[in-house]
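Q: This is the content of entry_31.cif (mmCIF, C-alpha atoms):
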data_structure
#
loop_
_atom_site.label_atom_id
_atom_site.label_comp_id
_atom_site.auth_asym_id
_atom_site.auth_seq_id
_atom_site.Cartn_x
_atom_site.Cartn_y
_atom_site.Cartn_z
CA MET X 1 0.00 0.00 0.00
CA THR X 2 1.28 3.40 -0.96
CA HIS X 3 0.34 5.88 1.73
CA HIS X 4 0.33 9.21 0.09
CA ALA X 5 2.68 11.86 1.44
CA PRO X 6 1.14 15.30 1.87
CA THR X 7 2.65 16.45 -1.40
CA VAL X 8 1.55 16.25 -5.00
CA SER X 9 3.88 16.24 -8.01
CA PHE X 10 2.82 17.02 -11.53
CA THR X 11 3.90 18.89 -14.63
CA LEU X 12 2.59 22.43 -14.51
CA ASN X 13 2.90 24.48 -17.68
CA GLY X 14 5.77 22.32 -18.83
CA GLU X 15 7.72 22.30 -15.57
CA ALA X 16 7.93 19.48 -13.03
CA LYS X 17 6.55 20.76 -9.73
CA THR X 18 5.94 19.40 -6.27
CA PHE X 19 3.59 21.10 -3.84
CA VAL X 20 2.62 20.48 -0.27
CA THR X 21 -1.10 19.94 -0.14
CA GLU X 22 -3.88 18.51 1.97
CA PRO X 23 -6.02 15.53 0.91
CA ASP X 24 -9.03 17.78 0.73
CA GLU X 25 -7.47 20.61 -1.29
CA LYS X 26 -8.90 21.27 -4.72
CA LEU X 27 -6.61 21.81 -7.68
CA LEU X 28 -8.00 25.31 -8.15
CA ALA X 29 -7.12 26.31 -4.59
CA LEU X 30 -3.60 24.97 -4.99
CA LEU X 31 -3.04 26.77 -8.28
CA ARG X 32 -4.28 30.09 -6.98
CA ARG X 33 -2.27 30.01 -3.74
CA GLU X 34 0.81 29.17 -5.78
CA GLY X 35 0.30 32.28 -7.88
CA TYR X 36 -1.50 30.91 -10.92
CA ARG X 37 -4.36 33.33 -10.47
CA GLY X 38 -5.47 33.51 -14.07
CA THR X 39 -7.58 30.48 -13.26
CA LYS X 40 -10.70 31.84 -11.56
CA TYR X 41 -13.03 30.64 -8.82
CA GLY X 42 -16.59 30.94 -10.04
CA CYS X 43 -19.31 28.53 -8.95
CA GLY X 44 -17.10 26.02 -7.14
CA GLN X 45 -19.27 23.14 -8.32
CA GLY X 46 -18.22 22.42 -11.88
CA THR X 47 -20.76 24.44 -13.75
CA CYS X 48 -19.53 27.87 -14.82
CA GLY X 49 -16.15 27.06 -16.39
CA ALA X 50 -14.19 30.00 -14.95
CA CYS X 51 -11.71 27.51 -13.45
CA THR X 52 -11.09 25.56 -16.68
CA VAL X 53 -7.57 24.20 -17.06
CA MET X 54 -6.17 21.46 -19.25
CA LEU X 55 -5.31 18.09 -17.76
CA ASP X 56 -3.34 15.83 -20.08
CA GLY X 57 -4.57 17.95 -22.98
CA ARG X 58 -8.24 17.93 -22.02
CA ALA X 59 -10.27 20.74 -20.52
CA VAL X 60 -11.43 20.09 -16.96
CA TYR X 61 -12.90 22.06 -14.08
CA ALA X 62 -10.16 22.69 -11.50
CA CYS X 63 -12.71 23.60 -8.81
CA ILE X 64 -14.00 20.04 -8.42
CA LEU X 65 -10.76 18.11 -8.88
CA TYR X 66 -8.77 17.27 -5.81
CA ALA X 67 -5.15 18.33 -6.24
CA GLN X 68 -4.17 14.72 -5.49
CA GLN X 69 -6.01 13.56 -8.59
CA VAL X 70 -3.42 15.18 -10.87
CA GLU X 71 -0.42 13.36 -9.38
CA GLY X 72 1.99 12.53 -12.20
CA ARG X 73 -0.14 14.22 -14.81
CA GLU X 74 0.22 17.34 -16.94
CA VAL X 75 -1.66 20.52 -16.05
CA ARG X 76 -1.77 23.60 -18.23
CA THR X 77 -3.18 26.93 -17.12
CA ILE X 78 -4.04 30.18 -18.87
CA GLU X 79 -0.58 31.51 -17.96
CA ASN X 80 0.86 29.06 -20.49
CA VAL X 81 -1.52 30.03 -23.28
CA GLY X 82 -0.97 33.76 -23.56
CA THR X 83 0.38 36.75 -21.70
CA LEU X 84 -0.27 40.46 -21.71
CA ASP X 85 2.76 40.99 -23.94
CA GLU X 86 2.17 37.96 -26.08
CA PRO X 87 -1.53 37.12 -26.22
CA SER X 88 -2.72 34.05 -28.05
CA GLU X 89 -4.50 34.33 -31.37
CA PHE X 90 -7.91 33.91 -29.71
CA GLN X 91 -7.08 36.41 -26.98
CA THR X 92 -6.12 38.94 -29.65
CA GLU X 93 -9.42 38.40 -31.45
CA LEU X 94 -11.32 38.75 -28.17
CA ILE X 95 -9.73 42.16 -27.74
CA ASN X 96 -10.40 43.12 -31.37
CA ALA X 97 -14.05 42.12 -31.03
CA GLY X 98 -14.53 44.03 -27.78
CA ALA X 99 -15.66 40.72 -26.35
CA VAL X 100 -14.25 41.16 -22.85
CA GLN X 101 -16.65 42.81 -20.43
CA CYS X 102 -15.85 42.06 -16.77
CA GLY X 103 -13.38 39.47 -18.05
CA TYR X 104 -13.88 36.92 -15.30
CA CYS X 105 -14.99 34.12 -17.61
CA ILE X 106 -12.39 34.79 -20.29
CA PRO X 107 -9.51 32.57 -19.04
CA GLY X 108 -11.88 29.61 -18.92
CA MET X 109 -13.26 30.45 -22.35
CA VAL X 110 -9.72 30.59 -23.73
CA MET X 111 -8.83 27.23 -22.18
CA SER X 112 -11.89 25.52 -23.67
CA ALA X 113 -11.14 27.07 -27.07
CA THR X 114 -7.55 25.89 -26.78
CA ALA X 115 -8.75 22.36 -26.07
CA LEU X 116 -10.99 22.59 -29.13
CA MET X 117 -8.20 23.78 -31.42
CA GLU X 118 -5.71 21.24 -30.15
CA ASN X 119 -7.98 18.18 -30.06
CA GLU X 120 -10.23 18.49 -33.08
CA PRO X 121 -9.26 18.28 -36.76
CA THR X 122 -12.10 20.55 -37.91
CA TYR X 123 -14.19 23.20 -36.21
CA ASP X 124 -17.78 23.26 -37.39
CA ASP X 125 -20.28 25.14 -35.25
CA GLU X 126 -21.61 22.01 -33.58
CA ILE X 127 -18.25 20.84 -32.29
CA ALA X 128 -17.21 24.38 -31.34
CA ARG X 129 -20.40 24.84 -29.32
CA GLU X 130 -19.85 21.48 -27.67
CA TYR X 131 -16.46 22.68 -26.40
CA MET X 132 -17.75 26.08 -25.31
CA ASP X 133 -21.04 25.11 -23.66
CA GLY X 134 -19.34 24.44 -20.34
CA ASN X 135 -18.33 28.08 -19.95
CA LEU X 136 -20.79 30.69 -18.75
CA CYS X 137 -20.48 34.48 -19.09
CA ARG X 138 -22.56 36.35 -16.54
CA CYS X 139 -22.18 39.54 -18.58
CA THR X 140 -23.91 37.48 -21.29
CA GLY X 141 -21.33 38.58 -23.82
CA TYR X 142 -21.55 35.35 -25.74
CA GLU X 143 -22.10 36.80 -29.19
CA LYS X 144 -18.83 38.70 -29.40
CA ILE X 145 -16.92 35.84 -27.80
CA TRP X 146 -18.40 33.56 -30.44
CA VAL X 147 -17.56 36.01 -33.26
CA ALA X 148 -13.95 36.19 -32.05
CA LEU X 149 -13.67 32.42 -31.78
CA ARG X 150 -15.29 31.81 -35.14
CA LYS X 151 -12.81 34.21 -36.75
CA VAL X 152 -9.88 32.22 -35.38
CA LEU X 153 -11.42 28.88 -36.30
CA ASP X 154 -12.30 30.03 -39.83
CA ARG X 155 -8.76 31.30 -40.33
CA ARG X 156 -7.26 28.03 -39.15
CA GLU X 157 -9.60 25.98 -41.33
CA ALA X 158 -8.77 28.14 -44.35
CA ALA X 159 -5.05 27.72 -43.67
CA ALA X 160 -5.48 23.97 -43.34
CA ALA X 161 -7.43 23.85 -46.63
CA ALA X 162 -4.65 25.80 -48.32
CA GLY X 163 -2.12 23.35 -46.97
CA GLN X 164 -0.51 25.89 -44.72
CA LYS X 165 0.74 25.09 -41.29
CA PRO X 166 -1.03 27.00 -38.54
CA ASP X 167 0.82 29.74 -36.76
CA ALA X 168 3.76 28.17 -34.94
CA HIS X 169 2.49 29.66 -31.70
CA PRO X 170 -1.25 30.06 -32.18
CA HIS X 171 -1.83 29.68 -28.49
CA ARG X 172 1.65 28.86 -27.27
CA MET F 173 -17.61 15.59 0.93
CA LYS F 174 -14.49 16.20 3.02
CA LEU F 175 -11.41 14.01 2.59
CA CYS F 176 -9.03 13.18 5.42
CA GLU F 177 -6.71 10.97 3.37
CA PHE F 178 -6.06 10.15 -0.26
CA ILE F 179 -4.56 6.80 -1.19
CA ARG F 180 -3.62 5.16 -4.45
CA PRO F 181 -3.73 1.38 -4.29
CA ALA F 182 -1.38 -0.53 -6.57
CA ASN F 183 -3.94 -3.01 -7.77
CA LEU F 184 -7.57 -4.04 -7.61
CA ALA F 185 -7.14 -6.45 -4.70
CA GLU F 186 -5.44 -3.76 -2.64
CA ALA F 187 -8.22 -1.30 -3.44
CA ARG F 188 -10.83 -3.85 -2.37
CA ASP F 189 -8.94 -4.62 0.87
CA ARG F 190 -8.55 -0.98 1.81
CA LEU F 191 -12.17 -0.17 1.08
CA ARG F 192 -13.26 -3.19 3.11
CA GLU F 193 -11.09 -2.10 6.05
CA LEU F 194 -12.31 1.47 5.87
CA GLY F 195 -16.00 0.65 5.58
CA GLN F 196 -18.07 3.81 5.86
CA ARG F 197 -14.85 5.81 6.41
CA GLY F 198 -13.65 5.05 2.88
CA MET F 199 -14.84 5.87 -0.60
CA ALA F 200 -13.79 4.66 -4.04
CA LEU F 201 -12.91 7.75 -6.06
CA ALA F 202 -13.01 7.84 -9.86
CA GLY F 203 -13.82 11.19 -11.48
CA GLY F 204 -15.35 12.62 -8.33
CA THR F 205 -17.49 15.10 -10.25
CA ALA F 206 -20.62 14.43 -8.19
CA LEU F 207 -19.05 14.56 -4.74
CA HIS F 208 -20.39 18.02 -4.03
CA PHE F 209 -23.88 16.49 -4.14
CA MET F 210 -22.96 14.03 -1.38
CA GLN F 211 -22.60 14.51 2.32
CA ALA F 212 -20.83 12.45 4.94
CA PRO F 213 -20.94 13.11 8.67
CA GLU F 214 -17.17 12.70 8.94
CA PRO F 215 -14.30 13.20 6.48
CA VAL F 216 -13.58 10.06 4.46
CA THR F 217 -10.52 8.45 2.93
CA ALA F 218 -10.55 8.53 -0.86
CA VAL F 219 -9.26 5.38 -2.57
CA ASP F 220 -8.25 6.43 -6.07
CA ILE F 221 -9.28 3.70 -8.52
CA THR F 222 -8.39 5.57 -11.71
CA ARG F 223 -4.89 4.07 -11.98
CA LEU F 224 -5.83 0.41 -11.96
CA GLY F 225 -6.05 -0.14 -15.72
CA LEU F 226 -9.83 0.14 -15.79
CA SER F 227 -10.05 2.79 -18.51
CA TYR F 228 -10.66 1.14 -21.89
CA ILE F 229 -13.27 0.19 -24.46
CA ARG F 230 -12.86 -3.03 -26.42
CA PRO F 231 -15.02 -5.39 -28.42
CA GLU F 232 -15.11 -8.80 -26.75
CA GLY F 233 -17.30 -11.59 -28.06
CA GLU F 234 -20.88 -10.38 -28.29
CA SER F 235 -20.27 -7.21 -26.27
CA PHE F 236 -18.35 -4.00 -26.03
CA VAL F 237 -16.55 -4.02 -22.70
CA ILE F 238 -16.14 -0.61 -21.10
CA GLY F 239 -13.75 -0.32 -18.16
CA ALA F 240 -15.34 1.16 -15.05
CA THR F 241 -13.14 4.25 -14.94
CA THR F 242 -13.45 5.07 -18.63
CA PRO F 243 -14.32 8.75 -18.96
CA ILE F 244 -17.67 9.58 -20.54
CA ALA F 245 -15.75 11.62 -23.15
CA ASP F 246 -13.94 8.47 -24.31
CA ILE F 247 -17.26 6.66 -24.75
CA GLN F 248 -18.57 9.68 -26.64
CA ARG F 249 -15.62 9.59 -29.05
CA TYR F 250 -15.43 5.82 -29.54
CA ARG F 251 -16.70 4.54 -32.86
CA ALA F 252 -17.41 1.01 -34.08
CA PRO F 253 -20.03 -0.57 -36.31
CA ARG F 254 -23.39 -0.64 -34.53
CA TRP F 255 -21.99 1.17 -31.49
CA ALA F 256 -24.59 3.51 -30.01
CA MET F 257 -23.37 4.58 -26.56
CA HIS F 258 -21.84 7.79 -27.93
CA GLU F 259 -25.27 9.21 -28.73
CA VAL F 260 -26.27 9.64 -25.11
CA CYS F 261 -22.77 10.33 -23.77
CA ARG F 262 -22.38 13.42 -25.93
CA ARG F 263 -25.43 14.86 -24.18
CA ILE F 264 -24.21 14.41 -20.61
CA SER F 265 -23.26 17.66 -18.88
CA THR F 266 -20.35 19.66 -20.36
CA HIS F 267 -17.14 18.55 -22.04
CA GLN F 268 -15.16 19.51 -18.93
CA ILE F 269 -17.27 17.10 -16.87
CA ARG F 270 -17.28 14.37 -19.54
CA ASN F 271 -13.47 14.44 -19.60
CA VAL F 272 -13.39 13.44 -15.92
CA SER F 273 -16.67 11.75 -15.08
CA THR F 274 -16.60 7.98 -15.57
CA ILE F 275 -19.16 5.38 -16.55
CA GLY F 276 -18.64 3.65 -13.20
CA GLY F 277 -19.22 6.84 -11.27
CA ASN F 278 -22.42 7.37 -13.22
CA ILE F 279 -23.90 4.02 -12.31
CA CYS F 280 -22.41 2.96 -8.96
CA ARG F 281 -24.29 5.73 -7.21
CA VAL F 282 -27.37 6.57 -9.22
CA PHE F 283 -28.55 10.15 -8.92
CA PRO F 284 -32.12 10.87 -10.00
CA TRP F 285 -31.02 12.70 -13.13
CA ALA F 286 -28.60 10.01 -14.35
CA ASP F 287 -28.85 9.13 -18.04
CA VAL F 288 -26.46 6.18 -18.31
CA PRO F 289 -28.47 3.74 -16.13
CA VAL F 290 -31.48 4.30 -18.39
CA VAL F 291 -29.45 3.43 -21.47
CA LEU F 292 -27.88 0.37 -19.84
CA LEU F 293 -31.31 -0.89 -18.78
CA ALA F 294 -32.56 -0.60 -22.36
CA MET F 295 -29.38 -2.19 -23.70
CA ASN F 296 -29.60 -5.08 -21.21
CA ALA F 297 -25.99 -4.43 -20.19
CA ARG F 298 -24.13 -6.56 -17.68
CA MET F 299 -22.03 -5.10 -14.90
CA VAL F 300 -18.82 -6.83 -13.83
CA THR F 301 -17.88 -6.49 -10.17
CA TYR F 302 -14.84 -7.63 -8.22
CA SER F 303 -14.72 -8.78 -4.65
CA GLY F 304 -11.85 -11.23 -4.73
CA LYS F 305 -13.43 -12.82 -7.77
CA GLU F 306 -15.40 -11.42 -10.66
CA GLN F 307 -19.15 -11.53 -10.85
CA GLU F 308 -21.55 -10.42 -13.58
CA ILE F 309 -24.86 -8.77 -12.78
CA GLY F 310 -27.57 -8.00 -15.30
CA ALA F 311 -28.87 -4.45 -15.54
CA ASP F 312 -32.32 -5.40 -14.20
CA ASP F 313 -30.78 -6.69 -10.96
CA PHE F 314 -28.07 -4.05 -10.76
CA PHE F 315 -30.54 -1.19 -11.00
CA ALA F 316 -33.29 -2.86 -8.95
CA SER F 317 -32.23 -0.60 -6.09
CA GLN F 318 -29.50 1.94 -5.36
CA PRO F 319 -26.28 0.20 -6.53
CA ALA F 320 -24.22 2.12 -3.97
CA GLN F 321 -25.58 -0.26 -1.31
CA ARG F 322 -23.87 -3.13 -3.09
CA PHE F 323 -20.45 -1.49 -2.87
CA ARG F 324 -20.38 -0.80 0.87
CA ASP F 325 -18.13 -3.76 1.69
CA GLY F 326 -15.30 -3.02 -0.69
CA GLU F 327 -16.80 -4.61 -3.79
CA LEU F 328 -15.81 -2.69 -6.92
CA LEU F 329 -17.29 -2.28 -10.36
CA THR F 330 -14.63 -3.17 -12.93
CA ALA F 331 -16.44 -3.10 -16.26
CA VAL F 332 -19.71 -2.70 -18.09
CA LYS F 333 -20.56 -5.12 -20.91
CA VAL F 334 -22.84 -3.57 -23.49
CA PRO F 335 -24.26 -6.19 -25.88
CA ASN F 336 -23.59 -5.64 -29.57
CA LEU F 337 -26.65 -4.45 -31.41
CA ARG F 338 -27.08 -7.32 -33.85
CA MET F 339 -28.76 -7.22 -37.25
CA HIS F 340 -32.36 -5.99 -37.01
CA HIS F 341 -31.75 -4.52 -33.55
CA GLY F 342 -31.94 -0.77 -33.13
CA PHE F 343 -31.28 1.70 -30.32
CA GLY F 344 -32.83 5.09 -29.72
CA SER F 345 -32.63 7.48 -26.79
CA VAL F 346 -33.90 10.94 -26.00
CA LYS F 347 -32.75 13.26 -23.25
CA VAL F 348 -34.72 16.40 -22.54
CA GLY F 349 -33.20 19.20 -20.49
CA ARG F 350 -33.52 22.95 -20.21
CA ASN F 351 -30.25 23.46 -22.06
CA ALA F 352 -27.31 21.49 -23.42
CA ALA F 353 -25.52 21.17 -20.09
CA ALA F 354 -28.53 20.86 -17.78
CA PHE F 355 -29.56 17.77 -15.88
CA SER F 356 -32.25 15.75 -17.61
CA LEU F 357 -35.90 16.46 -17.09
CA VAL F 358 -36.69 13.21 -18.84
CA THR F 359 -34.42 10.51 -20.25
CA VAL F 360 -35.78 7.56 -22.19
CA ALA F 361 -34.09 4.80 -24.15
CA SER F 362 -35.24 1.82 -26.16
CA VAL F 363 -33.90 -1.19 -27.99
CA LEU F 364 -36.14 -2.82 -30.58
CA GLU F 365 -35.65 -6.07 -32.43
CA LEU F 366 -37.52 -6.08 -35.73
CA GLU F 367 -38.48 -8.98 -37.96
CA ASN F 368 -40.09 -7.89 -41.23
CA ASN F 369 -40.93 -4.62 -39.49
CA ASN F 370 -42.72 -6.47 -36.70
CA ILE F 371 -41.45 -5.91 -33.17
CA LYS F 372 -40.03 -9.19 -31.97
CA ALA F 373 -38.59 -7.84 -28.71
CA ALA F 374 -38.45 -4.50 -26.93
CA ARG F 375 -36.69 -3.03 -23.93
CA VAL F 376 -37.76 0.44 -22.91
CA ALA F 377 -36.47 2.39 -19.91
CA ALA F 378 -36.89 5.84 -18.42
CA GLY F 379 -35.28 8.00 -15.79
CA SER F 380 -34.94 11.51 -14.33
CA ALA F 381 -38.68 12.22 -14.11
CA ILE F 382 -39.32 9.23 -11.89
CA PRO F 383 -37.81 8.37 -8.50
CA PHE F 384 -35.34 5.83 -9.89
CA PRO F 385 -34.48 4.61 -13.42
CA ARG F 386 -36.56 1.64 -14.47
CA ARG F 387 -37.89 -0.32 -17.40
CA LEU F 388 -41.39 0.53 -18.61
CA LEU F 389 -42.82 -2.97 -18.84
CA ASP F 390 -46.31 -1.85 -19.86
CA VAL F 391 -44.85 0.07 -22.78
CA GLU F 392 -42.75 -2.93 -23.81
CA ALA F 393 -45.84 -5.20 -23.67
CA ALA F 394 -47.72 -2.79 -25.92
CA LEU F 395 -44.98 -3.05 -28.54
CA VAL F 396 -44.08 -6.73 -28.79
CA GLY F 397 -45.84 -8.57 -31.59
CA ARG F 398 -47.03 -5.36 -33.24
CA GLU F 399 -45.87 -3.68 -36.42
CA ALA F 400 -43.26 -0.95 -35.97
CA THR F 401 -45.40 2.01 -37.00
CA ALA F 402 -45.88 5.52 -35.68
CA ALA F 403 -49.40 4.65 -34.54
CA VAL F 404 -48.18 1.68 -32.50
CA PHE F 405 -45.42 3.78 -30.94
CA GLN F 406 -47.94 6.46 -29.99
CA GLU F 407 -50.29 3.93 -28.47
CA ALA F 408 -47.47 2.23 -26.55
CA ALA F 409 -46.22 5.57 -25.21
CA THR F 410 -49.60 6.20 -23.58
CA LYS F 411 -48.89 3.19 -21.35
CA ALA F 412 -46.12 5.20 -19.71
CA LYS F 413 -48.67 6.89 -17.48
CA ALA F 414 -49.42 3.70 -15.60
CA ALA F 415 -45.89 2.31 -15.88
CA ALA F 416 -44.20 4.81 -13.59
CA ASN F 417 -44.77 7.52 -11.00
CA TRP F 418 -43.99 10.68 -12.97
CA ARG F 419 -42.98 13.68 -10.90
CA GLY F 420 -43.31 17.37 -11.58
CA ARG F 421 -40.01 19.24 -11.66
CA GLU F 422 -38.62 22.73 -11.96
CA GLY F 423 -42.04 24.35 -11.99
CA MET F 424 -43.49 21.79 -14.38
CA SER F 425 -46.47 19.71 -13.34
CA ALA F 426 -46.41 15.92 -13.14
CA ASP F 427 -48.90 15.82 -16.02
CA TYR F 428 -46.61 17.93 -18.17
CA ILE F 429 -43.57 15.78 -17.36
CA GLN F 430 -45.54 12.64 -18.16
CA HIS F 431 -46.55 14.17 -21.50
CA LEU F 432 -42.91 15.06 -22.12
CA ALA F 433 -41.98 11.45 -21.39
CA GLU F 434 -44.59 10.13 -23.80
CA VAL F 435 -43.44 12.41 -26.62
CA SER F 436 -39.82 11.47 -25.88
CA LEU F 437 -40.71 7.78 -25.93
CA ILE F 438 -42.27 8.10 -29.38
CA ASP F 439 -39.09 9.79 -30.64
CA ALA F 440 -36.85 7.16 -29.04
CA LEU F 441 -38.89 4.32 -30.54
CA GLU F 442 -38.82 5.94 -33.99
CA ARG F 443 -35.06 6.28 -33.71
CA ALA F 444 -34.66 2.68 -32.60
CA ALA F 445 -36.78 1.44 -35.51
CA THR F 446 -34.85 3.59 -37.99
CA PHE F 447 -31.57 2.29 -36.55
CA ALA F 448 -32.77 -1.31 -36.92
CA ARG F 449 -33.92 -0.78 -40.50
CA THR F 450 -31.18 1.40 -41.92
CA ARG F 451 -28.06 0.05 -40.29
CA ASP F 452 -28.81 -3.47 -41.46
CA ALA F 453 -28.07 -2.49 -45.01
#
Transcribe the structure of this file into C-alpha cells.

A:
Amino acid sequence: MTHHAPTVSFTLNGEAKTFVTEPDEKLLALLRREGYRGTKYGCGQGTCGACTVMLDGRAVYACILYAQQVEGREVRTIENVGTLDEPSEFQTELINAGAVQCGYCIPGMVMSATALMENEPTYDDEIAREYMDGNLCRCTGYEKIWVALRKVLDRREAAAAAGQKPDAHPHR
Amino acid sequence: MKLCEFIRPANLAEARDRLRELGQRGMALAGGTALHFMQAPEPVTAVDITRLGLSYIRPEGESFVIGATTPIADIQRYRAPRWAMHEVCRRISTHQIRNVSTIGGNICRVFPWADVPVVLLAMNARMVTYSGKEQEIGADDFFASQPAQRFRDGELLTAVKVPNLRMHHGFGSVKVGRNAAAFSLVTVASVLELENNNIKAARVAAGSAIPFPRRLLDVEAALVGREATAAVFQEAATKAKAAANWRGREGMSADYIQHLAEVSLIDALERAATFARTRDA
C-alpha cells in the first residue's frame, strides 16, 4: 500500500513541480495560492467554467478536482496560453471584437477554445459549441466571444485547406 | 464531501482490501465530479481507482466491454459498427465534466437525473464487479435498487458489458433538459428487435422524471408482436402513465412531465426502428 505523502507532483505548464497539499485541497485552490491566479473561482461546483484548465490535454474544471487527482499528470493553465505581452491568437481576437466585459470568464473560455483547437481536426459550429457550452459568461457577452472564436477557427480551417501550417504559436 | 486521506492502491485487490477495512470511512474515487452532491458526517478516505487499468473500451465476443473508470468523453468519441453509446454520452453535462466523469461513477451511485443507467437498462448491459473474484450482474438486478448499497463492503465495479446491437436490432434514446448542459428532465431509451418490421422484442427504460431509473414494462408489452409504425409507438407511449410515477419538476407539473416522457418515448422508438432498418443495409 502506498500511503500518500502530503505532497503532490505534476507537470505544470511544462515544468515538473511538487507542492505540499492537503487531501481535501482542490486543484484550483492549490493553483491560486501558488500564484496561478489567471484560473478563476466561479461557482465552485463544476458548472460555470471560470476555473477551466487542461489536464493531459483535455479541458477540466479545477474547482472540483482534488489536487491529489493530478499526481503525475500534466496541467496547463491560462498563464501558459498567452500573456499580456504575447496574447494568443484567440485572446487577440477577443480584444479586437470588444468581447471582454468584466473578463472573469475569459480565461476559462480561452482554455476551452484551446482544447478545441488542439484536439479536433475541424471546427464546425456544432463541435465548437460542444467545447464552449461548459463556460458561462454572466455579462452574457456570448455573441462577441463567439464572433472572435469563429474568426480564429475560420482562419485556421482556411489555412489547413490551403495546406498551410497553422501559426507556430497560435496559443503557445 | 471532506477528505481526510487520499490513497492510491497498486492493484484491484489492494483497493478492495482498503475499502473493506475502511467501511463507511472510505470511498472509491473515480472522477469525483458528483461529490459536491454528497454529504458524509465525517471526512472520508478517498481510494483512487483511476490508476488500476480500468479505462478502456474493447469489443469482446458479443459485447463491447467498457472499463469502469473510462471517462464519458472516451465513450462519446469511440466509434465502431453498430456502437450507439456515444449518442447519449455526448449529451451528458459539459465537455469539462465528460473528460473526468466515468461510466462507473455514473452508475455505482445513481442520482435521480442520471442518463447512463437508463441506457444500460434498455441495452440489457451486464455489470462486472470484483470482490476477490469477478461476478456479472444484469442491468435489471443491478438497478433494482441503489447500486451504492452493493459497494459498501469493498466490492468494486470493474467493467460494463454492453451487448452488440445485432442485425435488425436498433437503439434510440432521447434526453430532454432545459439546455445542453442541464440535468435531464426526462431521459428515455429503447432497444427494438424487428423482424419484417414487426417488433419481436423491446426493452424500454426511463429515468430523471421518476424516483429511480426503471424499465417501462407496460410500454414494452404494448410493442411486442405489433408492427413498428408511428401509430403503434404512440399507443405504446400512452402506457407510460401507468408504468411509472412521474414527478413534476422545476415548476413543471407531473402531467406535463408525463406528456414530455410520452413524446420522448415516441421519438426514441422511432429512432430505434430507424436504426434497426437502416443500419442493417

Q: If we count all atoms listed in the file, what is near segment 66-70 of chain X at a cut-off of 7 Å, once residues fewer than 4 positions away on the same chain are taken out, given as a list in words?

A: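 Listing them by chain and then by number gives Val8, Phe10, Pro23, Asp24, Glu25, Lys26, Leu27 and Leu30 of chain X.
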
Q: How would the residues just chosen look if you wrote them out with C-alpha atoms as a PDB file, keeping the file's coordinate frame?

A:
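Contents of again.pdb, freshly written:
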ATOM      1  CA  VAL X   8       1.550  16.250  -5.000  1.00  0.00           C
ATOM      2  CA  PHE X  10       2.820  17.020 -11.530  1.00  0.00           C
ATOM      3  CA  PRO X  23      -6.020  15.530   0.910  1.00  0.00           C
ATOM      4  CA  ASP X  24      -9.030  17.780   0.730  1.00  0.00           C
ATOM      5  CA  GLU X  25      -7.470  20.610  -1.290  1.00  0.00           C
ATOM      6  CA  LYS X  26      -8.900  21.270  -4.720  1.00  0.00           C
ATOM      7  CA  LEU X  27      -6.610  21.810  -7.680  1.00  0.00           C
ATOM      8  CA  LEU X  30      -3.600  24.970  -4.990  1.00  0.00           C
TER       9      LEU X  30
END

Q: Identify all residues satisfying the PyMOL selection byres ((chain X) within 9 of (chain F)) in the given file; provide them as an MDAnalysis selection string.

A: chainID X and resid 1:4 22:25 45:47 49 52 58:61 64:66 68:69 112 130:135

Q: Deliver the residues from the most recent selection as a file, using C-alpha atoms, as a compact mmCIF listing (two decimals), in the frame of the given file.

A:
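Printed below is again-v3.txt as written:
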# COMPACT_ATOMS: atom_id res chain seq x y z
CA MET X 1 0.00 0.00 0.00
CA THR X 2 1.28 3.40 -0.96
CA HIS X 3 0.34 5.88 1.73
CA HIS X 4 0.33 9.21 0.09
CA GLU X 22 -3.88 18.51 1.97
CA PRO X 23 -6.02 15.53 0.91
CA ASP X 24 -9.03 17.78 0.73
CA GLU X 25 -7.47 20.61 -1.29
CA GLN X 45 -19.27 23.14 -8.32
CA GLY X 46 -18.22 22.42 -11.88
CA THR X 47 -20.76 24.44 -13.75
CA GLY X 49 -16.15 27.06 -16.39
CA THR X 52 -11.09 25.56 -16.68
CA ARG X 58 -8.24 17.93 -22.02
CA ALA X 59 -10.27 20.74 -20.52
CA VAL X 60 -11.43 20.09 -16.96
CA TYR X 61 -12.90 22.06 -14.08
CA ILE X 64 -14.00 20.04 -8.42
CA LEU X 65 -10.76 18.11 -8.88
CA TYR X 66 -8.77 17.27 -5.81
CA GLN X 68 -4.17 14.72 -5.49
CA GLN X 69 -6.01 13.56 -8.59
CA SER X 112 -11.89 25.52 -23.67
CA GLU X 130 -19.85 21.48 -27.67
CA TYR X 131 -16.46 22.68 -26.40
CA MET X 132 -17.75 26.08 -25.31
CA ASP X 133 -21.04 25.11 -23.66
CA GLY X 134 -19.34 24.44 -20.34
CA ASN X 135 -18.33 28.08 -19.95

Q: What gap, in Å, lies between atom CA of Ile106 of chain X and atom CA of Gln248 of chain F?

A: 26.6 Å

Q: Run the PyMOL selection byres ((chain X and resi 80) around 12) mentally over the shown coordinates, then write out the matched residues as a JSON list (two decimals) with C-alpha atoms, in the frame of the given file, using the chain letters and numbers from the document.

A:
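Once everything was written out, this is part18.json:
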[["chain", "number", "residue", "atom", "x", "y", "z"],
["X", 12, "LEU", "CA", 2.59, 22.43, -14.51],
["X", 13, "ASN", "CA", 2.90, 24.48, -17.68],
["X", 14, "GLY", "CA", 5.77, 22.32, -18.83],
["X", 15, "GLU", "CA", 7.72, 22.30, -15.57],
["X", 36, "TYR", "CA", -1.50, 30.91, -10.92],
["X", 38, "GLY", "CA", -5.47, 33.51, -14.07],
["X", 39, "THR", "CA", -7.58, 30.48, -13.26],
["X", 53, "VAL", "CA", -7.57, 24.20, -17.06],
["X", 54, "MET", "CA", -6.17, 21.46, -19.25],
["X", 75, "VAL", "CA", -1.66, 20.52, -16.05],
["X", 76, "ARG", "CA", -1.77, 23.60, -18.23],
["X", 77, "THR", "CA", -3.18, 26.93, -17.12],
["X", 78, "ILE", "CA", -4.04, 30.18, -18.87],
["X", 79, "GLU", "CA", -0.58, 31.51, -17.96],
["X", 81, "VAL", "CA", -1.52, 30.03, -23.28],
["X", 82, "GLY", "CA", -0.97, 33.76, -23.56],
["X", 83, "THR", "CA", 0.38, 36.75, -21.70],
["X", 84, "LEU", "CA", -0.27, 40.46, -21.71],
["X", 86, "GLU", "CA", 2.17, 37.96, -26.08],
["X", 87, "PRO", "CA", -1.53, 37.12, -26.22],
["X", 88, "SER", "CA", -2.72, 34.05, -28.05],
["X", 107, "PRO", "CA", -9.51, 32.57, -19.04],
["X", 110, "VAL", "CA", -9.72, 30.59, -23.73],
["X", 111, "MET", "CA", -8.83, 27.23, -22.18],
["X", 114, "THR", "CA", -7.55, 25.89, -26.78],
["X", 169, "HIS", "CA", 2.49, 29.66, -31.70],
["X", 170, "PRO", "CA", -1.25, 30.06, -32.18],
["X", 171, "HIS", "CA", -1.83, 29.68, -28.49],
["X", 172, "ARG", "CA", 1.65, 28.86, -27.27]]
